[in-house]
Every structure is written in structure tokens, then in C-alpha cells.
Amino acid sequence: MNKGLLIVICGPSGAGKGTVHDAVLACMPQIRRSISVTTRLPREGEVEGVNYYYRTLAQYQQMIAHGEFLETASVFDNYYGTPKAAVMETLASGYDVMFEIDVAGARQIKAKYSESILIFIMTPDFKTLEARLRGRGTESEASLKTRLTGARVELMQYQMFDYIVFNDKIEDTVMRVEAIIHAEKSRIRRNTERIEGILAE
């Protein structure tokens, strides 16, 4: 049984990375969603091990000290991180794991797991990105400018990624991401044992 793929979906706010991530998961049942550890309290209806793994700040800091995270970040006075053991166990079982995460988190994951596949989702151009952000009707001009500046900074780090998919039509984008995953599964280095087994018949 081949080891699963660790797939990271990144992209600026408004590029559609969350939509792509969820659509690919819906279409490819062999992919598991990454579940993070957090120090924030559970919200109503959230379930331990389904939405998050909930830990105290002291427990979280101990996990950091023991090197138990693939990536970790502080967001609005709470910590969020990806538990390495759970991900490695899932991959070893032959299932793929997919992340939707920011560029900083992707960089941490790539540094700790070089086989990870990093995919950047981007609009065809910045005019399209601005139009999508404005279309939400939730952004002030100051917030809009900040998000566009942040998107440019993220895109400038394109060389750390393995693939970029320009999201014009969501259906086409999802198909291209699925094609990347299928192509990665067909790499010779991922199929050496199977090939050798066939040759030994």
C-alpha cells in the first residue's frame, strides 16, 4: 500500500481556496481533512476530534516544546496547530491528507515534511481578486487594500510552491487540482514497490 499524499492548498483571501479545498474533499473520498489543535474554547455544536482537538494553553505549549506540530500559529490570542502524529498515521495508512492553510503554515509544513505538495490558488489577475473582494460587501477600503497587499506578498513567494492553479471558473479549478493529485500518485518514485512486485511475478 502506497503512503498517502500530504496536500496543502494556499492562496489569498478571495481567491477561492476554501471552496476549492471543500470541493476536492467532496469529490475524492480517499482524502482526509486535517484536524487542528486549538487553545480556544469549543463553540456550540463543535465536537472534539471532529472540528478541532481542544487543549489548554499549558498543554499546547508542552506540545510545542516536544516538537509535536507540523505547523503552529497564533491567531487572535489563540493558538492553532497541526498535530504531526495524527497526520503521519493517516498517511501511513494510505490515505491522503489535505490542508487549507496560509503561506507561513505551508512553509513550516514543507520544512518538516519535504514530500508535501503545495498548491497555490490564485485569481487570473489582481483586478479579478479585487472585484471578488468588493463583491462580498464586507470589506472597508482600508481592509480591501490590506488584503490586496497581502495577496501580492503571498504571490511573491510563488517559488516555494509546487503548483499554481488560476481560479477563473471553480469547476475547472477543482478538476485541475484533482488532476495534480492523480499525477502525483502516478510518479515513478511513489510506485517503485508495486512495479518491482509486478516484475517479480
# chains A, B, ... in the order shown; residues from 1 in each chain; ligands from 1

call {"tool": "residues_around", "arguments": {"residues": "region 99-101 of chain A", "least_positions_apart": "6", "cutoff": "6 Å", "atoms": "only C-alpha atoms", "output": "list in words"}}
result
Val8, Ile9, Cys10 and Ser34 of chain A

call {"tool": "select_by_dssp", "arguments": {"residues": "region 3-136 of chain A", "states": "alpha helix (DSSP H)", "output": "PyMOL selection string"}}
result
chain A and resi 17-27+57-65+84-92+103-112+126-136

call {"tool": "closest_atom_pairs", "arguments": {"of": "region 31-135 of chain A", "to": "region 142-147 of chain A", "cutoff": "10 Å", "atoms": "only C-alpha atoms", "output": "tab-separated table"}}
result
residue	atom	partner	partner_atom	distance
A:Leu129	CA	A:Arg147	CA	9.7
A:Glu130	CA	A:Leu144	CA	7.7
A:Leu133	CA	A:Leu144	CA	7.1
A:Arg134	CA	A:Leu144	CA	7.6

call {"tool": "atom_distance", "arguments": {"atom1": "CA of Glu154 (chain A)", "atom2": "CA of Phe120 (chain A)"}}
result
9.4 Å

call {"tool": "closest_residue", "arguments": {"among": "A:Lys185, A:Arg40, A:Ala73, A:Phe166", "to": "Leu57 (chain A)", "atoms": "only C-alpha atoms"}}
result
A:Arg40

call {"tool": "closest_residue", "arguments": {"among": "A:Val165, A:Val37, A:Ile31, A:Ile188", "to": "Ile64 (chain A)", "atoms": "only C-alpha atoms"}}
result
A:Val37

call {"tool": "closest_residue", "arguments": {"among": "A:Thr192, A:Ser13, A:Gln108, A:Gln157", "to": "Glu71 (chain A)", "atoms": "only C-alpha atoms"}}
result
A:Gln108

call {"tool": "residues_around", "arguments": {"residues": "Pro124 (chain A)", "least_positions_apart": "2", "cutoff": "7 Å", "atoms": "only C-alpha atoms", "output": "list of chain:residue names"}}
result
A:Met122, A:Thr128, A:Phe166, A:Asn167, A:Asp168

call {"tool": "atom_distance", "arguments": {"atom1": "CA of Leu5 (chain A)", "atom2": "CA of Val97 (chain A)"}}
result
6.3 Å

call {"tool": "select_by_dssp", "arguments": {"residues": "region 36-176 of chain A", "states": "strand (DSSP E)", "output": "ChimeraX atom specification"}}
result
/A:37-38,53-54,69-75,78-83,96-100,117-122,163-166

call {"tool": "residues_around", "arguments": {"residues": "Thr82 (chain A)", "least_positions_apart": "3", "cutoff": "10 Å", "atoms": "only C-alpha atoms", "output": "PDB file with all heavy atoms, in the first residue's frame"}}
result
ATOM      1  N   SER A  34      -7.486  17.701   7.357  1.00  0.00           N
ATOM      2  CA  SER A  34      -6.606  17.888   8.506  1.00  0.00           C
ATOM      3  C   SER A  34      -7.386  18.511   9.660  1.00  0.00           C
ATOM      4  O   SER A  34      -8.136  19.468   9.464  1.00  0.00           O
ATOM      5  CB  SER A  34      -5.431  18.790   8.130  1.00  0.00           C
ATOM      6  OG  SER A  34      -4.687  19.122   9.263  1.00  0.00           O
ATOM      7  N   ILE A  35      -7.227  17.955  10.853  1.00  0.00           N
ATOM      8  CA  ILE A  35      -7.896  18.496  12.047  1.00  0.00           C
ATOM      9  C   ILE A  35      -6.836  19.141  12.940  1.00  0.00           C
ATOM     10  O   ILE A  35      -5.856  18.503  13.315  1.00  0.00           O
ATOM     11  CB  ILE A  35      -8.644  17.389  12.812  1.00  0.00           C
ATOM     12  CG1 ILE A  35      -9.697  16.748  11.910  1.00  0.00           C
ATOM     13  CG2 ILE A  35      -9.299  17.963  14.073  1.00  0.00           C
ATOM     14  CD1 ILE A  35     -10.390  15.545  12.516  1.00  0.00           C
ATOM     15  N   SER A  36      -7.045  20.402  13.266  1.00  0.00           N
ATOM     16  CA  SER A  36      -6.073  21.168  14.036  1.00  0.00           C
ATOM     17  C   SER A  36      -6.305  21.064  15.536  1.00  0.00           C
ATOM     18  O   SER A  36      -7.405  20.734  15.989  1.00  0.00           O
ATOM     19  CB  SER A  36      -6.132  22.648  13.632  1.00  0.00           C
ATOM     20  OG  SER A  36      -5.795  22.809  12.276  1.00  0.00           O
ATOM     21  N   VAL A  37      -5.253  21.364  16.279  1.00  0.00           N
ATOM     22  CA  VAL A  37      -5.340  21.562  17.723  1.00  0.00           C
ATOM     23  C   VAL A  37      -5.520  23.053  17.968  1.00  0.00           C
ATOM     24  O   VAL A  37      -4.904  23.879  17.278  1.00  0.00           O
ATOM     25  CB  VAL A  37      -4.051  21.078  18.425  1.00  0.00           C
ATOM     26  CG1 VAL A  37      -4.122  21.343  19.930  1.00  0.00           C
ATOM     27  CG2 VAL A  37      -3.811  19.609  18.156  1.00  0.00           C
ATOM     28  N   THR A  38      -6.356  23.431  18.926  1.00  0.00           N
ATOM     29  CA  THR A  38      -6.534  24.846  19.242  1.00  0.00           C
ATOM     30  C   THR A  38      -6.656  25.056  20.751  1.00  0.00           C
ATOM     31  O   THR A  38      -7.090  24.159  21.479  1.00  0.00           O
ATOM     32  CB  THR A  38      -7.784  25.430  18.546  1.00  0.00           C
ATOM     33  OG1 THR A  38      -7.874  26.832  18.828  1.00  0.00           O
ATOM     34  CG2 THR A  38      -9.061  24.742  19.018  1.00  0.00           C
ATOM     35  N   TYR A  52     -12.008  20.277  15.984  1.00  0.00           N
ATOM     36  CA  TYR A  52     -10.654  20.548  16.485  1.00  0.00           C
ATOM     37  C   TYR A  52     -10.333  19.557  17.593  1.00  0.00           C
ATOM     38  O   TYR A  52     -11.219  18.864  18.107  1.00  0.00           O
ATOM     39  CB  TYR A  52     -10.553  21.967  17.088  1.00  0.00           C
ATOM     40  CG  TYR A  52     -10.600  23.089  16.088  1.00  0.00           C
ATOM     41  CD1 TYR A  52     -11.795  23.754  15.824  1.00  0.00           C
ATOM     42  CD2 TYR A  52      -9.449  23.512  15.427  1.00  0.00           C
ATOM     43  CE1 TYR A  52     -11.850  24.803  14.918  1.00  0.00           C
ATOM     44  CE2 TYR A  52      -9.488  24.557  14.521  1.00  0.00           C
ATOM     45  CZ  TYR A  52     -10.682  25.197  14.265  1.00  0.00           C
ATOM     46  OH  TYR A  52     -10.730  26.220  13.363  1.00  0.00           O
ATOM     47  N   TYR A  53      -9.059  19.541  17.949  1.00  0.00           N
ATOM     48  CA  TYR A  53      -8.646  18.956  19.228  1.00  0.00           C
ATOM     49  C   TYR A  53      -8.456  20.139  20.177  1.00  0.00           C
ATOM     50  O   TYR A  53      -7.646  21.034  19.889  1.00  0.00           O
ATOM     51  CB  TYR A  53      -7.330  18.185  19.090  1.00  0.00           C
ATOM     52  CG  TYR A  53      -7.396  17.032  18.113  1.00  0.00           C
ATOM     53  CD1 TYR A  53      -6.731  17.094  16.884  1.00  0.00           C
ATOM     54  CD2 TYR A  53      -8.106  15.868  18.417  1.00  0.00           C
ATOM     55  CE1 TYR A  53      -6.772  16.034  15.999  1.00  0.00           C
ATOM     56  CE2 TYR A  53      -8.156  14.803  17.519  1.00  0.00           C
ATOM     57  CZ  TYR A  53      -7.485  14.900  16.311  1.00  0.00           C
ATOM     58  OH  TYR A  53      -7.529  13.848  15.421  1.00  0.00           O
ATOM     59  N   GLU A  68       5.671  18.502  18.580  1.00  0.00           N
ATOM     60  CA  GLU A  68       4.550  17.677  18.126  1.00  0.00           C
ATOM     61  C   GLU A  68       3.734  18.288  16.988  1.00  0.00           C
ATOM     62  O   GLU A  68       2.754  17.685  16.542  1.00  0.00           O
ATOM     63  CB  GLU A  68       3.617  17.385  19.312  1.00  0.00           C
ATOM     64  CG  GLU A  68       4.264  16.540  20.394  1.00  0.00           C
ATOM     65  CD  GLU A  68       3.317  16.214  21.534  1.00  0.00           C
ATOM     66  OE1 GLU A  68       2.105  16.052  21.274  1.00  0.00           O
ATOM     67  OE2 GLU A  68       3.783  16.155  22.690  1.00  0.00           O
ATOM     68  N   PHE A  69       4.151  19.468  16.498  1.00  0.00           N
ATOM     69  CA  PHE A  69       3.369  20.116  15.443  1.00  0.00           C
ATOM     70  C   PHE A  69       4.110  20.139  14.114  1.00  0.00           C
ATOM     71  O   PHE A  69       5.322  20.345  14.061  1.00  0.00           O
ATOM     72  CB  PHE A  69       3.030  21.557  15.836  1.00  0.00           C
ATOM     73  CG  PHE A  69       2.020  21.670  16.939  1.00  0.00           C
ATOM     74  CD1 PHE A  69       2.382  22.161  18.182  1.00  0.00           C
ATOM     75  CD2 PHE A  69       0.705  21.287  16.737  1.00  0.00           C
ATOM     76  CE1 PHE A  69       1.456  22.273  19.208  1.00  0.00           C
ATOM     77  CE2 PHE A  69      -0.235  21.387  17.754  1.00  0.00           C
ATOM     78  CZ  PHE A  69       0.141  21.876  18.993  1.00  0.00           C
ATOM     79  N   LEU A  70       3.343  19.955  13.039  1.00  0.00           N
ATOM     80  CA  LEU A  70       3.865  20.209  11.697  1.00  0.00           C
ATOM     81  C   LEU A  70       3.930  21.703  11.436  1.00  0.00           C
ATOM     82  O   LEU A  70       4.797  22.200  10.739  1.00  0.00           O
ATOM     83  CB  LEU A  70       2.968  19.551  10.636  1.00  0.00           C
ATOM     84  CG  LEU A  70       3.227  18.095  10.298  1.00  0.00           C
ATOM     85  CD1 LEU A  70       2.158  17.591   9.337  1.00  0.00           C
ATOM     86  CD2 LEU A  70       4.614  17.909   9.695  1.00  0.00           C
ATOM     87  N   GLU A  71       2.970  22.421  11.996  1.00  0.00           N
ATOM     88  CA  GLU A  71       2.945  23.883  11.897  1.00  0.00           C
ATOM     89  C   GLU A  71       2.108  24.405  13.056  1.00  0.00           C
ATOM     90  O   GLU A  71       1.221  23.724  13.563  1.00  0.00           O
ATOM     91  CB  GLU A  71       2.396  24.359  10.551  1.00  0.00           C
ATOM     92  CG  GLU A  71       0.982  23.889  10.224  1.00  0.00           C
ATOM     93  CD  GLU A  71      -0.101  24.719  10.889  1.00  0.00           C
ATOM     94  OE1 GLU A  71       0.137  25.928  11.105  1.00  0.00           O
ATOM     95  OE2 GLU A  71      -1.173  24.180  11.199  1.00  0.00           O
ATOM     96  N   THR A  72       2.391  25.632  13.461  1.00  0.00           N
ATOM     97  CA  THR A  72       1.642  26.262  14.541  1.00  0.00           C
ATOM     98  C   THR A  72       1.624  27.768  14.337  1.00  0.00           C
ATOM     99  O   THR A  72       2.566  28.340  13.769  1.00  0.00           O
ATOM    100  CB  THR A  72       2.246  25.909  15.918  1.00  0.00           C
ATOM    101  OG1 THR A  72       1.494  26.572  16.951  1.00  0.00           O
ATOM    102  CG2 THR A  72       3.690  26.302  16.022  1.00  0.00           C
ATOM    103  N   ALA A  73       0.544  28.403  14.778  1.00  0.00           N
ATOM    104  CA  ALA A  73       0.419  29.858  14.614  1.00  0.00           C
ATOM    105  C   ALA A  73      -0.483  30.405  15.710  1.00  0.00           C
ATOM    106  O   ALA A  73      -1.326  29.690  16.273  1.00  0.00           O
ATOM    107  CB  ALA A  73      -0.165  30.195  13.247  1.00  0.00           C
ATOM    108  N   ALA A  85       1.717  13.659  14.626  1.00  0.00           N
ATOM    109  CA  ALA A  85       1.493  12.214  14.773  1.00  0.00           C
ATOM    110  C   ALA A  85       0.229  11.761  14.047  1.00  0.00           C
ATOM    111  O   ALA A  85       0.233  10.740  13.353  1.00  0.00           O
ATOM    112  CB  ALA A  85       1.427  11.846  16.252  1.00  0.00           C
ATOM    113  N   ALA A  86      -0.851  12.509  14.192  1.00  0.00           N
ATOM    114  CA  ALA A  86      -2.117  12.131  13.565  1.00  0.00           C
ATOM    115  C   ALA A  86      -2.003  12.146  12.048  1.00  0.00           C
ATOM    116  O   ALA A  86      -2.518  11.256  11.355  1.00  0.00           O
ATOM    117  CB  ALA A  86      -3.231  13.069  14.022  1.00  0.00           C
ATOM    118  N   VAL A  87      -1.318  13.160  11.519  1.00  0.00           N
ATOM    119  CA  VAL A  87      -1.150  13.262  10.067  1.00  0.00           C
ATOM    120  C   VAL A  87      -0.284  12.117   9.546  1.00  0.00           C
ATOM    121  O   VAL A  87      -0.622  11.460   8.547  1.00  0.00           O
ATOM    122  CB  VAL A  87      -0.522  14.617   9.686  1.00  0.00           C
ATOM    123  CG1 VAL A  87      -0.159  14.647   8.193  1.00  0.00           C
ATOM    124  CG2 VAL A  87      -1.479  15.756  10.009  1.00  0.00           C
ATOM    125  N   PHE A  99      -4.739  20.083   3.535  1.00  0.00           N
ATOM    126  CA  PHE A  99      -4.760  21.263   4.388  1.00  0.00           C
ATOM    127  C   PHE A  99      -5.227  22.475   3.581  1.00  0.00           C
ATOM    128  O   PHE A  99      -4.880  22.614   2.412  1.00  0.00           O
ATOM    129  CB  PHE A  99      -3.351  21.607   4.883  1.00  0.00           C
ATOM    130  CG  PHE A  99      -2.714  20.581   5.771  1.00  0.00           C
ATOM    131  CD1 PHE A  99      -2.194  19.415   5.235  1.00  0.00           C
ATOM    132  CD2 PHE A  99      -2.602  20.784   7.129  1.00  0.00           C
ATOM    133  CE1 PHE A  99      -1.586  18.469   6.041  1.00  0.00           C
ATOM    134  CE2 PHE A  99      -1.995  19.849   7.952  1.00  0.00           C
ATOM    135  CZ  PHE A  99      -1.486  18.685   7.397  1.00  0.00           C
ATOM    136  N   GLY A 105       2.171  28.815   7.293  1.00  0.00           N
ATOM    137  CA  GLY A 105       1.956  27.437   7.702  1.00  0.00           C
ATOM    138  C   GLY A 105       2.470  26.455   6.662  1.00  0.00           C
ATOM    139  O   GLY A 105       3.063  25.424   7.003  1.00  0.00           O
ATOM    140  N   ILE A 109       5.265  23.423   7.093  1.00  0.00           N
ATOM    141  CA  ILE A 109       4.987  22.033   6.728  1.00  0.00           C
ATOM    142  C   ILE A 109       6.033  21.515   5.746  1.00  0.00           C
ATOM    143  O   ILE A 109       6.561  20.408   5.894  1.00  0.00           O
ATOM    144  CB  ILE A 109       3.571  21.896   6.139  1.00  0.00           C
ATOM    145  CG1 ILE A 109       2.527  22.107   7.243  1.00  0.00           C
ATOM    146  CG2 ILE A 109       3.382  20.522   5.476  1.00  0.00           C
ATOM    147  CD1 ILE A 109       1.108  22.171   6.741  1.00  0.00           C
TER     148      ILE A 109
END

call {"tool": "atom_distance", "arguments": {"atom1": "CA of Asp162 (chain A)", "atom2": "CA of Gly94 (chain A)"}}
result
21.6 Å
